[in-house]
Each structure stands twice: as C-alpha cells, then as structure tokens.
file structure.txt (compact mmCIF, C-alpha atoms)
# COMPACT_ATOMS: atom_id res chain seq x y z
CA MET A 24 -15.58 -10.03 2.10
CA THR A 25 -17.69 -10.27 -1.03
CA ILE A 26 -15.89 -8.80 -3.99
CA LYS A 27 -17.35 -8.91 -7.45
CA LYS A 28 -14.57 -7.14 -9.29
CA ILE A 29 -11.47 -5.20 -8.43
CA SER A 30 -10.04 -2.51 -10.61
CA ALA A 31 -6.77 -0.62 -10.31
CA VAL A 32 -7.27 2.87 -9.00
CA VAL A 33 -6.93 5.53 -11.70
CA PHE A 34 -6.68 8.99 -10.24
CA GLN A 35 -8.43 11.98 -11.74
CA THR A 36 -6.39 15.00 -12.75
CA THR A 37 -8.14 17.45 -10.46
CA VAL A 38 -6.78 19.84 -7.86
CA ALA A 39 -7.14 18.43 -4.32
CA PHE A 40 -9.23 20.26 -1.76
CA GLY A 41 -9.78 19.60 1.92
CA LEU A 42 -12.29 17.12 3.26
CA LEU A 43 -15.79 18.37 2.52
CA THR A 44 -17.42 16.81 5.56
CA GLY A 45 -17.38 17.60 9.27
CA GLY A 46 -14.77 16.66 11.85
CA VAL A 47 -11.76 17.85 9.84
CA GLN A 48 -8.32 17.97 11.41
CA ALA A 49 -6.58 21.25 10.64
CA ALA A 50 -3.90 20.96 7.98
CA ASN A 51 -0.33 21.53 9.03
CA PRO A 52 0.47 25.11 7.96
CA ASN A 53 4.14 24.29 7.37
CA ALA A 54 3.52 21.38 5.07
CA GLY A 55 4.12 21.30 1.35
CA LYS A 56 6.38 24.34 0.98
CA VAL A 57 9.21 22.47 -0.76
CA LEU A 58 9.11 22.98 -4.52
CA THR A 59 9.20 19.98 -6.83
CA SER A 60 12.83 19.28 -7.78
CA GLU A 61 13.99 18.45 -11.27
CA ILE A 62 14.36 14.92 -12.63
CA ARG A 63 17.28 14.10 -14.93
CA THR A 64 17.14 11.26 -17.44
CA GLU A 65 20.08 9.52 -15.75
CA SER A 66 18.20 9.47 -12.43
CA ILE A 67 15.23 7.57 -13.84
CA VAL A 68 15.27 4.00 -12.51
CA PHE A 69 13.29 1.02 -13.78
CA LEU A 70 11.84 -1.78 -11.68
CA PRO A 71 13.40 -5.27 -11.77
CA VAL A 72 11.64 -7.91 -13.86
CA PRO A 73 12.09 -11.70 -14.21
CA GLU A 74 14.99 -12.80 -16.38
CA GLY A 75 14.14 -13.46 -20.01
CA ASP A 76 11.67 -12.12 -22.53
CA MET A 77 8.14 -11.60 -21.26
CA LYS A 78 6.50 -14.23 -23.49
CA THR A 79 8.88 -17.00 -22.43
CA VAL A 80 8.68 -15.95 -18.78
CA LYS A 81 4.88 -16.22 -18.90
CA VAL A 82 4.88 -19.70 -20.45
CA ASN A 83 7.36 -20.97 -17.89
CA ALA A 84 5.51 -19.33 -15.01
CA LEU A 85 2.17 -20.91 -15.89
CA ARG A 86 3.86 -24.29 -15.68
CA LYS A 87 5.99 -23.58 -12.60
CA TYR A 88 3.21 -22.02 -10.53
CA GLU A 89 0.37 -24.29 -11.66
CA LYS A 90 -0.31 -25.50 -8.10
CA ALA A 91 -0.25 -21.97 -6.66
CA ILE A 92 -2.62 -20.73 -9.36
CA GLY A 93 -5.04 -23.49 -8.45
CA LEU A 94 -4.82 -22.57 -4.77
CA VAL A 95 -5.45 -18.91 -5.54
CA LYS A 96 -8.39 -19.78 -7.78
CA GLN A 97 -9.99 -21.74 -4.93
CA TYR A 98 -9.26 -18.88 -2.53
CA PHE A 99 -11.03 -16.41 -4.81
CA GLU A 100 -14.02 -18.72 -5.19
CA ASP A 101 -14.31 -19.19 -1.42
CA GLN A 102 -14.17 -15.41 -0.98
CA ASN A 103 -16.93 -14.97 -3.59
CA VAL A 104 -14.49 -13.14 -5.83
CA SER A 105 -15.04 -13.08 -9.57
CA VAL A 106 -11.84 -12.38 -11.48
CA GLN A 107 -10.25 -13.56 -14.71
CA MET A 108 -7.37 -15.93 -13.91
CA GLU A 109 -5.03 -14.27 -16.41
CA ILE A 110 -1.63 -13.13 -15.18
CA ASP A 111 -1.51 -10.24 -17.68
CA ASP A 112 -4.79 -8.84 -16.39
CA PRO A 113 -4.10 -5.78 -14.16
CA GLU A 114 -7.20 -6.59 -12.11
CA PHE A 115 -5.90 -10.08 -11.38
CA GLN A 116 -2.49 -8.67 -10.49
CA GLN A 117 -4.00 -6.22 -8.03
CA LEU A 118 -6.37 -8.74 -6.46
CA LEU A 119 -3.64 -11.35 -6.12
CA LYS A 120 -1.93 -9.14 -3.53
CA SER A 121 -4.71 -10.02 -1.07
CA ALA A 122 -3.61 -13.66 -1.24
CA GLY A 123 -0.14 -12.58 -0.15
CA THR A 124 -1.44 -11.87 3.36
CA ALA A 125 -3.96 -14.74 3.62
CA PHE A 126 -1.96 -16.58 6.28
CA ASP A 127 -5.18 -17.36 8.14
CA TYR A 128 -6.67 -19.11 5.09
CA PHE A 129 -3.92 -21.29 3.61
CA SER A 130 -2.02 -24.05 5.35
CA ALA A 131 1.65 -23.29 6.01
CA GLU A 132 2.68 -25.55 3.12
CA ASP A 133 0.20 -24.05 0.68
CA MET A 134 1.06 -20.52 1.79
CA LYS A 135 4.65 -21.09 0.72
CA GLU A 136 3.42 -21.94 -2.77
CA VAL A 137 1.21 -18.86 -2.83
CA VAL A 138 3.94 -16.54 -1.51
CA ASN A 139 6.34 -17.73 -4.22
CA PHE A 140 3.71 -17.02 -6.87
CA VAL A 141 2.79 -13.64 -5.40
CA SER A 142 6.47 -12.66 -5.27
CA PHE A 143 6.93 -13.70 -8.90
CA MET A 144 3.89 -11.71 -9.95
CA ASP A 145 5.21 -8.71 -8.03
CA LEU A 146 8.13 -8.75 -10.48
CA TYR A 147 6.09 -9.76 -13.53
CA GLU A 148 3.72 -6.80 -13.22
CA ASN A 149 6.76 -4.51 -13.45
CA TYR A 150 6.93 -5.06 -17.21
CA ALA A 151 3.85 -2.87 -17.61
CA GLN A 152 4.96 -0.32 -15.03
CA ASN A 153 8.34 0.01 -16.73
CA ASP A 154 6.54 0.81 -19.98
CA VAL A 155 4.92 3.79 -18.25
CA ILE A 156 8.25 4.90 -16.78
CA LEU A 157 9.79 4.66 -20.25
CA LYS A 158 7.10 6.93 -21.71
CA TYR A 159 7.98 9.61 -19.17
CA LYS A 160 11.68 9.17 -19.88
CA ASN A 161 11.16 9.45 -23.63
CA LYS A 162 9.09 12.60 -23.14
CA LEU A 163 11.83 14.09 -20.96
CA VAL A 164 14.45 13.29 -23.61
CA LYS A 165 12.31 14.71 -26.41
CA GLU A 166 10.95 17.83 -24.71
CA GLY A 167 13.61 18.45 -22.07
CA LYS A 168 11.13 18.76 -19.20
CA LEU A 169 8.15 17.29 -17.42
CA SER A 170 5.34 19.10 -15.63
CA ASN A 171 5.37 19.07 -11.84
CA GLU A 172 2.45 16.65 -11.89
CA GLU A 173 4.32 14.33 -14.27
CA LYS A 174 7.47 14.47 -12.14
CA GLU A 175 5.59 13.54 -9.00
CA THR A 176 3.76 10.72 -10.77
CA LEU A 177 7.05 9.40 -12.14
CA ARG A 178 8.63 9.44 -8.67
CA GLY A 179 5.71 7.36 -7.44
CA LEU A 180 6.34 4.78 -10.16
CA MET A 181 10.06 4.27 -9.64
CA PRO A 182 11.45 1.83 -7.06
CA ILE A 183 12.91 2.94 -3.77
CA ALA A 184 16.70 2.75 -3.56
CA LYS A 185 18.18 -0.64 -2.67
CA ASP A 186 20.25 0.82 0.16
CA VAL A 187 17.27 2.39 1.95
CA PRO A 188 16.93 0.74 5.38
CA SER A 189 13.87 -1.32 6.23
CA THR A 190 12.63 -2.37 9.65
CA VAL A 191 14.60 -5.27 11.16
CA ASN A 192 12.70 -8.04 12.89
CA GLY A 193 14.22 -7.87 16.34
CA THR A 194 14.99 -5.84 19.43
CA ASN A 195 16.60 -2.44 19.24
CA PRO A 196 19.79 -2.67 21.35
CA ASN A 197 19.55 1.06 22.08
CA ALA A 198 15.85 1.01 22.86
CA PHE A 199 14.24 2.83 25.72
CA GLU A 200 10.75 2.05 27.01
CA VAL A 201 8.13 3.11 24.50
CA SER A 202 5.27 5.23 25.76
CA PRO A 203 1.67 4.91 24.58
CA LEU A 204 1.32 8.68 24.93
CA ALA A 205 2.35 10.87 22.01
CA THR A 206 3.38 14.52 22.18
CA ASN A 207 2.42 15.20 18.55
CA GLY A 208 -1.31 14.86 19.14
CA TYR A 209 -1.61 11.31 17.80
CA ASP A 210 -4.02 9.09 19.73
CA ARG A 211 -2.94 5.55 18.86
CA PHE A 212 -5.91 4.03 20.66
CA ALA A 213 -8.39 6.14 18.69
CA ALA A 214 -6.69 4.93 15.49
CA ARG A 215 -6.81 1.34 16.75
CA ASP A 216 -10.49 1.55 17.64
CA TYR A 217 -11.36 3.05 14.25
CA ALA A 218 -9.50 0.26 12.45
CA ARG A 219 -11.22 -2.41 14.50
CA GLN A 220 -14.63 -0.87 13.85
CA TRP A 221 -14.24 -0.67 10.08
CA ALA A 222 -12.34 -3.92 9.44
CA SER A 223 -15.54 -5.81 8.76
CA ASN A 224 -16.52 -8.23 6.05
CA SER A 225 -19.93 -6.59 6.10
CA VAL A 226 -20.40 -4.21 3.17
CA ILE A 227 -22.28 -1.86 5.47
CA LEU A 228 -19.48 -1.64 8.02
CA ARG A 229 -16.53 -1.89 5.65
CA ASN A 230 -16.30 1.68 4.39
CA ASN A 231 -17.07 4.90 6.17
CA ALA A 232 -19.27 7.02 3.91
CA VAL A 233 -17.35 10.11 5.05
CA PHE A 234 -14.47 8.80 2.92
CA GLY A 235 -16.57 7.80 -0.05
CA TYR A 236 -14.31 8.72 -2.95
CA TYR A 237 -13.28 5.17 -3.90
CA SER A 238 -16.69 3.57 -3.35
CA THR A 239 -18.31 6.33 -5.41
CA LYS A 240 -15.67 6.14 -8.13
CA ASN A 241 -15.93 2.34 -8.37
CA ASN A 242 -19.69 2.32 -7.78
CA CYS A 243 -19.42 -0.28 -5.04
CA PHE A 244 -18.24 -0.71 -1.46
CA ALA A 245 -15.80 -3.60 -1.77
CA CYS A 246 -14.23 -3.77 -5.23
CA TRP A 247 -10.78 -2.21 -5.06
CA ASN A 248 -7.49 -2.62 -3.20
CA ASP A 249 -8.39 -0.63 -0.12
CA CYS A 250 -5.54 -1.36 2.29
CA THR A 251 -3.92 2.09 2.27
CA ASN A 252 -7.12 4.14 2.13
CA PHE A 253 -8.29 2.19 5.19
CA VAL A 254 -5.09 2.81 7.18
CA SER A 255 -5.06 6.49 6.21
CA GLN A 256 -8.57 6.83 7.64
CA ALA A 257 -7.42 5.27 10.92
CA LEU A 258 -4.44 7.64 11.15
CA TYR A 259 -6.68 10.62 10.48
CA ASN A 260 -9.09 9.46 13.16
CA GLY A 261 -6.09 9.21 15.49
CA GLY A 262 -5.30 12.87 14.91
CA MET A 263 -2.77 12.93 12.08
CA LYS A 264 -3.27 16.16 10.13
CA PHE A 265 -3.54 16.62 6.40
CA TYR A 266 -0.45 17.79 4.55
CA TYR A 267 -0.70 19.64 1.24
CA GLY A 268 2.19 19.60 -1.20
CA SER A 269 2.47 21.27 -4.58
CA ASN A 270 -0.18 18.92 -6.02
CA TYR A 271 -2.10 15.79 -5.07
CA GLN A 272 0.48 13.57 -6.79
CA SER A 273 3.22 14.89 -4.50
CA ALA A 274 4.78 12.75 -1.79
CA SER A 275 4.60 15.84 0.40
CA SER A 276 0.81 15.67 0.32
CA TRP A 277 -1.35 13.45 2.50
CA SER A 278 -5.01 14.40 2.37
CA TYR A 279 -8.48 13.21 1.56
CA SER A 280 -11.09 14.92 -0.60
CA ASP A 281 -14.30 13.74 -2.23
CA ILE A 282 -12.93 15.41 -5.37
CA VAL A 283 -9.67 13.46 -5.34
CA PRO A 284 -7.46 12.23 -2.47
CA SER A 285 -3.70 12.55 -2.59
CA TYR A 286 -1.84 9.60 -4.10
CA THR A 287 -0.32 9.03 -0.65
CA TRP A 288 -3.77 8.55 0.88
CA GLY A 289 -4.74 5.50 -1.17
CA GLY A 290 -1.58 4.06 -2.75
CA ALA A 291 0.77 1.83 -0.70
CA HIS A 292 3.96 2.94 -2.46
CA ASN A 293 3.02 6.61 -2.32
CA PHE A 294 2.07 6.19 1.35
CA TYR A 295 5.61 4.94 2.00
CA LEU A 296 7.12 7.92 0.16
CA HIS A 297 5.22 10.29 2.46
CA TRP A 298 5.59 8.62 5.84
CA LYS A 299 9.25 7.63 5.51
CA GLY A 300 9.96 11.34 5.62
CA ARG A 301 7.24 12.44 7.97
CA ALA A 302 7.69 9.70 10.59
CA GLY A 303 10.88 7.91 9.57
CA VAL A 304 11.26 4.16 9.20
CA ALA A 305 11.55 2.30 12.51
CA ALA A 306 14.87 0.51 12.93
CA TYR A 307 13.47 -2.56 14.70
CA THR A 308 10.09 -4.16 15.27
CA SER A 309 10.58 -3.63 19.00
CA ASP A 310 10.20 0.10 18.32
CA LEU A 311 6.65 -0.45 17.06
CA GLN A 312 3.44 -0.66 19.08
CA THR A 313 -0.33 -0.44 18.80
CA GLY A 314 -1.38 2.34 16.42
CA ASP A 315 1.82 2.22 14.40
CA VAL A 316 1.74 1.29 10.71
CA VAL A 317 3.66 -1.15 8.52
CA ASN A 318 4.23 -1.46 4.78
CA ALA A 319 5.23 -4.64 2.97
CA ASP A 320 7.22 -5.14 -0.22
CA PHE A 321 6.48 -8.71 -1.29
CA ALA A 322 9.32 -9.33 -3.73
CA GLY A 323 11.89 -6.80 -2.51
CA ASP A 324 11.66 -5.03 -5.86
CA GLY A 325 11.47 -1.56 -4.30
CA ALA A 326 7.74 -1.18 -4.93
CA ILE A 327 5.55 -1.24 -1.83
CA ASP A 328 2.57 -3.60 -2.08
CA HIS A 329 0.57 -3.47 1.14
CA THR A 330 -0.29 -1.37 4.19
CA ALA A 331 -1.67 -2.45 7.58
CA ILE A 332 -2.03 -1.02 11.08
CA ILE A 333 -0.95 -2.66 14.34
CA THR A 334 -3.97 -2.96 16.63
CA TYR A 335 -2.78 -5.47 19.24
CA GLN A 336 0.57 -6.58 20.60
CA ASP A 337 1.84 -9.41 22.74
CA THR A 338 4.94 -11.28 21.65
CA ASN A 339 3.83 -10.41 18.11
CA LEU A 340 2.48 -7.31 16.39
CA TRP A 341 -1.05 -8.17 15.26
CA LEU A 342 -2.45 -6.46 12.19
CA THR A 343 -5.78 -5.07 11.06
CA GLN A 344 -6.22 -4.42 7.35
CA HIS A 345 -8.43 -4.23 4.28
CA THR A 346 -8.17 -6.32 1.10
CA ASP A 347 -8.59 -8.90 2.31
CA ASP A 348 -10.34 -7.61 5.43
CA LYS A 349 -8.75 -9.01 8.59
CA LYS A 350 -8.75 -8.08 12.24
CA GLU A 351 -5.82 -9.37 14.32
CA VAL A 352 -5.58 -12.82 12.72
CA THR A 353 -2.20 -12.23 11.06
CA ASN A 354 0.93 -10.55 12.38
CA VAL A 355 4.15 -8.94 11.22
CA GLY A 356 6.00 -12.19 11.93
CA HIS A 357 4.10 -13.81 9.06
CA TRP A 358 5.47 -11.14 6.74
CA TYR A 359 9.06 -11.74 7.79
CA SER A 360 8.71 -15.54 7.57
CA SER A 361 7.55 -15.07 3.96
CA GLY A 362 10.61 -13.00 3.05
CA TYR A 363 8.75 -9.70 2.72
CA SER A 364 10.59 -6.42 3.27
CA VAL A 365 8.88 -4.50 6.07
CA TYR A 366 8.82 -0.76 6.71
CA GLY A 367 7.31 0.37 10.00
CA TYR A 368 6.49 3.88 11.22
CA GLU A 369 6.41 5.10 14.81
CA MET A 370 3.50 7.47 14.54
CA ASP A 371 4.29 9.28 17.78
CA LYS A 372 7.46 10.51 16.07
CA ALA A 373 5.68 11.84 13.00
CA SER A 374 5.54 15.53 12.21
CA ASN A 375 2.07 16.82 12.86

call {"tool": "encode", "arguments": {"input": "structure.txt", "output": "structure tokens"}}
result
Amino acid sequence: MTIKKISAVVFQTTVAFGLLTGGVQAANPNAGKVLTSEIRTESIVFLPVPEGDMKTVKVNALRKYEKAIGLVKQYFEDQNVSVQMEIDDPEFQQLLKSAGTAFDYFSAEDMKEVVNFVSFMDLYENYAQNDVILKYKNKLVKEGKLSNEEKETLRGLMPIAKDVPSTVNGTNPNAFEVSPLATNGYDRFAARDYARQWASNSVILRNNAVFGYYSTKNNCFACWNDCTNFVSQALYNGGMKFYYGSNYQSASSWSYSDIVPSYTWGGAHNFYLHWKGRAGVAAYTSDLQTGDVVNADFAGDGAIDHTAIITYQDTNLWLTQHTDDKKEVTNVGHWYSSGYSVYGYEMDKASN
C-alpha cells in the first residue's frame, strides 16, 4: 500500500444522516432509544501512561527502542510511507499501529522488538489523550454539566474497565457446534467476500467510493488509519443494519453517511463500545468463525487499537484488514503471541 501521509481522523460536528447512496440496509427501528446518562467527576478515568515525567520517559525511550525505531523506519520506507519519525507526532503514533500487525514483514526476532516499541507507544500517546480527558473534567467541575455530545465523546476517550472480560485463546468447554447460518440476517460469507475484494494494495480497489467520506475528507484514497471503516463496510455488506443513537458520537450509533459517519463506524475503540453491547464479547476463540470480527488492544491499557475481520479458518483464524492492507497472511494467534488483548464478536448473535 502506498501511503504518502496519514492523519488522525477529526470528526465534524454535524448531525448524522443515513447513507445517501443506493443499496441501504434499513435501520433498526428499536435502536438508539436510550437517553445519554450523566457523567460524574468521580467516574472519569484516565488512561495509564509510562512511569515518570514525559520528558524523561521520551529520552529513555529513544535510547531503549533505538533498534525498533530503525526497523520501523525501514518498514515505512519499504511501504513507500513518508512520515516524520518523531514519537510526539500524532501522525507517527497513528501510523505506527500498522507495524503492530506486520507479522508477515518482520522476522520473529525483529517483530518482538517492534511489538515492545508499539506497546510502549500505545501508553506514551496516552499523555495527550489524558490532556483532552482533563479538559472535559475541568469543564464539568466548573460548569456542572456537559452536553450530550461532549459526554459521548468523553466516554469514547476513557479506557474500558480492567475487569471487563476479553476473548480467551482456547476452546470453550461448554461449546456447541457453531453454524455458518445466522438467524439475524447476517451473511458471513457476503461480509468475507467483500473484505477479500477490497483488501487490496491497489489504490483503485482499496476503497469503495460508496463509502467515500474518509477519502474525500483526507483528499486521498490511502492516507488514514482505515481498519475499522473497512470492517464496518464488510459488516454492512453482510447485512448488519445501521443503528442510530442520540447523536453520531454515541456508542449506541453505528452508521455511515457522506456527511459524517458515527464514531463507531471508523474508530476502533468506539467500534468496541458499540459491538460489545450489540453482539457481546466471545468467551473463547473457538466461538469465532469466518465473518466474525476481532479488536486488539496492543498494550492492555483499555484503549482499543485495531480492528480486523476473520475471512478464513483452519487451525487458526486468518484475518483480513486495512492499514496495513493484508488478506489472510496474519492470524489471531499472532496477536496472542504478542501479548495483545483480544475482543471477538460472534456476529450471528448480534442484535439486528
């Protein structure tokens, strides 16, 4: 994939409408009726960061991860990626996540170096995110309230609770035989085929123009972290219906619009907040199959970093994804061996 520049997605403050092109799945009429609940100052949680002051942490990190930084620099060059190798640069932080799943590129030894650096950076970037959380907290203290939009945005910034279960790598002892047929209208094979079709390093075949919000916004076809937008498209093609919450920032929403998609459509963490309730988190990897979806938290900091869809299974669950674009060359086992926290969703169990 040729990437000239990646920028963090900044969402517009516009009301979300339905997809403005043909082939629209009907929205679920029962979705989004729950009102936004209040947030108290004592319930606001910050993300974990490396120990020590930020300046000292940075100096030590540049020395400790010198080899990994060199490996990542070479990886970017080989991928035709132009990015400033500066760990405080949000664009570098976002693009670095693609190296965290490049198991097909690095040797096993080098991948360990890269994973350690990616996991560190997953914590290091939390300094900036905590500053944003603090601004919302200070506003709540000063004014006594936040708007519904601000509350939903704040929820999307805070980490998930430490005691929330993830998906265990193993066999469910209470499992029954999984069926490829879903009763909720989800066609896992249609989702699989869509993902395979659009997981291409070709700019022409990478992004479906029907879902052109991000390419239009960024004025390119391959210059943003596209993993979740890509998976959302596959789920929609498989028959998952739009949900509309109180606003497009809400975790209750999951929808696309050329005006502005919901946060849950294109953001990995927001995607998790929606689907953990709508589908539930699978207990074991044995519960997952082709057409199901997985999230990864690289550092276990409670902030989801990546989204991919399972498009083939044998003894492993093989993944198709964007950023970096891959089709069945990495699997969920790679994620577990790297210490990532994994959250899988059985899409045939999702409300629809």

call {"tool": "closest_atom_pairs", "arguments": {"input": "structure.txt", "of": "range 82-193 of chain A", "to": "range 325-328 of chain A", "cutoff": "9 Å", "atoms": "all atoms listed in the file", "output": "JSON lines"}}
result
{"residue": "A:Lys120", "atom": "CA", "partner": "A:Asp328", "partner_atom": "CA", "distance": 7.3}
{"residue": "A:Asp145", "atom": "CA", "partner": "A:Asp328", "partner_atom": "CA", "distance": 8.3}
{"residue": "A:Leu180", "atom": "CA", "partner": "A:Ala326", "partner_atom": "CA", "distance": 8.1}
{"residue": "A:Met181", "atom": "CA", "partner": "A:Ala326", "partner_atom": "CA", "distance": 7.6}
{"residue": "A:Pro182", "atom": "CA", "partner": "A:Gly325", "partner_atom": "CA", "distance": 4.4}
{"residue": "A:Ile183", "atom": "CA", "partner": "A:Gly325", "partner_atom": "CA", "distance": 4.8}
{"residue": "A:Ala184", "atom": "CA", "partner": "A:Gly325", "partner_atom": "CA", "distance": 6.8}
{"residue": "A:Lys185", "atom": "CA", "partner": "A:Gly325", "partner_atom": "CA", "distance": 7.0}

call {"tool": "closest_atom_pairs", "arguments": {"input": "structure.txt", "of": "range 121-213 of chain A", "to": "range 71-95 of chain A", "cutoff": "6 Å", "atoms": "all atoms listed in the file", "output": "JSON lines"}}
result
{"residue": "A:Glu136", "atom": "CA", "partner": "A:Ala91", "partner_atom": "CA", "distance": 5.3}
{"residue": "A:Val137", "atom": "CA", "partner": "A:Ala91", "partner_atom": "CA", "distance": 5.1}
{"residue": "A:Leu146", "atom": "CA", "partner": "A:Val72", "partner_atom": "CA", "distance": 4.9}
{"residue": "A:Tyr147", "atom": "CA", "partner": "A:Val72", "partner_atom": "CA", "distance": 5.9}
{"residue": "A:Asn149", "atom": "CA", "partner": "A:Val72", "partner_atom": "CA", "distance": 6.0}

call {"tool": "atom_distance", "arguments": {"input": "structure.txt", "atom1": "CA of Ser238 in chain A", "atom2": "CA of Ala222 in chain A"}}
result
15.4 Å

call {"tool": "atom_distance", "arguments": {"input": "structure.txt", "atom1": "CA of Thr64 in chain A", "atom2": "CA of Thr287 in chain A"}}
result
24.3 Å

call {"tool": "atom_distance", "arguments": {"input": "structure.txt", "atom1": "CA of Ala213 in chain A", "atom2": "CA of Ser278 in chain A"}}
result
18.6 Å

call {"tool": "residues_around", "arguments": {"input": "structure.txt", "residues": "Asp320 in chain A", "least_positions_apart": "6", "cutoff": "10 Å", "atoms": "all atoms listed in the file", "output": "tab-separated table (two decimals) with C-alpha atoms, in the frame of the given file"}}
result
chain	number	residue	atom	x	y	z
A	142	SER	CA	6.47	-12.66	-5.27
A	145	ASP	CA	5.21	-8.71	-8.03
A	291	ALA	CA	0.77	1.83	-0.70
A	292	HIS	CA	3.96	2.94	-2.46
A	326	ALA	CA	7.74	-1.18	-4.93
A	327	ILE	CA	5.55	-1.24	-1.83
A	328	ASP	CA	2.57	-3.60	-2.08
A	329	HIS	CA	0.57	-3.47	1.14
A	330	THR	CA	-0.29	-1.37	4.19
A	358	TRP	CA	5.47	-11.14	6.74
A	362	GLY	CA	10.61	-13.00	3.05
A	363	TYR	CA	8.75	-9.70	2.72
A	364	SER	CA	10.59	-6.42	3.27
A	365	VAL	CA	8.88	-4.50	6.07
A	366	TYR	CA	8.82	-0.76	6.71

call {"tool": "closest_residue", "arguments": {"input": "structure.txt", "among": "A:Ile282, A:Leu204, A:Leu177, A:Ala331", "to": "Ser255 in chain A", "atoms": "all atoms listed in the file"}}
result
A:Ala331

call {"tool": "closest_residue", "arguments": {"input": "structure.txt", "among": "A:Trp298, A:Phe99, A:Tyr217, A:Phe253", "to": "Ala373 in chain A", "atoms": "only C-alpha atoms"}}
result
A:Trp298

call {"tool": "residues_near_point", "arguments": {"input": "structure.txt", "point": "(6.2, 12.0, -9.7)", "cutoff": "10 Å", "atoms": "only C-alpha atoms", "output": "ChimeraX atom specification"}}
result
/A:59,62,159,169-181,272-274,293

call {"tool": "decode", "arguments": {"input": "structure.txt", "residues": "range 262-276 of chain A", "atoms": "N, CA, C and O atoms", "output": "CSV table (one decimal), in the first residue's frame"}}
result
chain,number,residue,atom,x,y,z
A,262,GLY,N,-25.1,-7.5,5.9
A,262,GLY,CA,-26.5,-7.4,6.3
A,262,GLY,C,-26.7,-6.8,7.7
A,262,GLY,O,-27.8,-6.7,8.1
A,263,MET,N,-25.6,-6.3,8.3
A,263,MET,CA,-25.8,-5.7,9.6
A,263,MET,C,-26.4,-4.3,9.4
A,263,MET,O,-25.9,-3.5,8.6
A,264,LYS,N,-27.5,-3.9,10.1
A,264,LYS,CA,-28.2,-2.7,9.9
A,264,LYS,C,-27.6,-1.5,10.7
A,264,LYS,O,-27.0,-1.7,11.8
A,265,PHE,N,-27.9,-0.4,10.2
A,265,PHE,CA,-27.5,0.8,10.9
A,265,PHE,C,-28.3,1.0,12.2
A,265,PHE,O,-29.4,0.6,12.2
A,266,TYR,N,-27.6,1.5,13.2
A,266,TYR,CA,-28.2,1.9,14.4
A,266,TYR,C,-28.0,3.4,14.6
A,266,TYR,O,-26.9,3.9,14.3
A,267,TYR,N,-29.0,4.1,15.1
A,267,TYR,CA,-28.9,5.5,15.3
A,267,TYR,C,-29.2,5.8,16.8
A,267,TYR,O,-30.3,5.5,17.3
A,268,GLY,N,-28.2,6.3,17.5
A,268,GLY,CA,-28.3,6.7,18.9
A,268,GLY,C,-28.7,8.2,19.0
A,268,GLY,O,-29.3,8.8,18.0
A,269,SER,N,-28.5,8.8,20.1
A,269,SER,CA,-28.9,10.2,20.3
A,269,SER,C,-28.1,11.2,19.4
A,269,SER,O,-28.5,12.3,19.1
A,270,ASN,N,-26.9,10.8,19.1
A,270,ASN,CA,-26.0,11.6,18.2
A,270,ASN,C,-24.9,10.7,17.6
A,270,ASN,O,-24.8,9.5,17.9
A,271,TYR,N,-24.2,11.2,16.7
A,271,TYR,CA,-23.2,10.3,16.0
A,271,TYR,C,-22.0,10.0,16.8
A,271,TYR,O,-21.2,9.1,16.5
A,272,GLN,N,-21.8,10.7,18.0
A,272,GLN,CA,-20.7,10.3,18.9
A,272,GLN,C,-21.1,9.2,19.8
A,272,GLN,O,-20.3,8.5,20.4
A,273,SER,N,-22.4,8.8,19.8
A,273,SER,CA,-22.9,7.8,20.8
A,273,SER,C,-22.5,6.4,20.4
A,273,SER,O,-22.4,6.0,19.3
A,274,ALA,N,-22.2,5.7,21.5
A,274,ALA,CA,-21.8,4.2,21.3
A,274,ALA,C,-23.1,3.4,20.8
A,274,ALA,O,-22.9,2.3,20.3
A,275,SER,N,-24.2,4.0,21.0
A,275,SER,CA,-25.5,3.3,20.5
A,275,SER,C,-25.6,3.4,19.0
A,275,SER,O,-26.4,2.7,18.4
A,276,SER,N,-24.9,4.4,18.4
A,276,SER,CA,-25.0,4.6,16.9
A,276,SER,C,-24.0,3.7,16.2
A,276,SER,O,-22.9,3.4,16.7
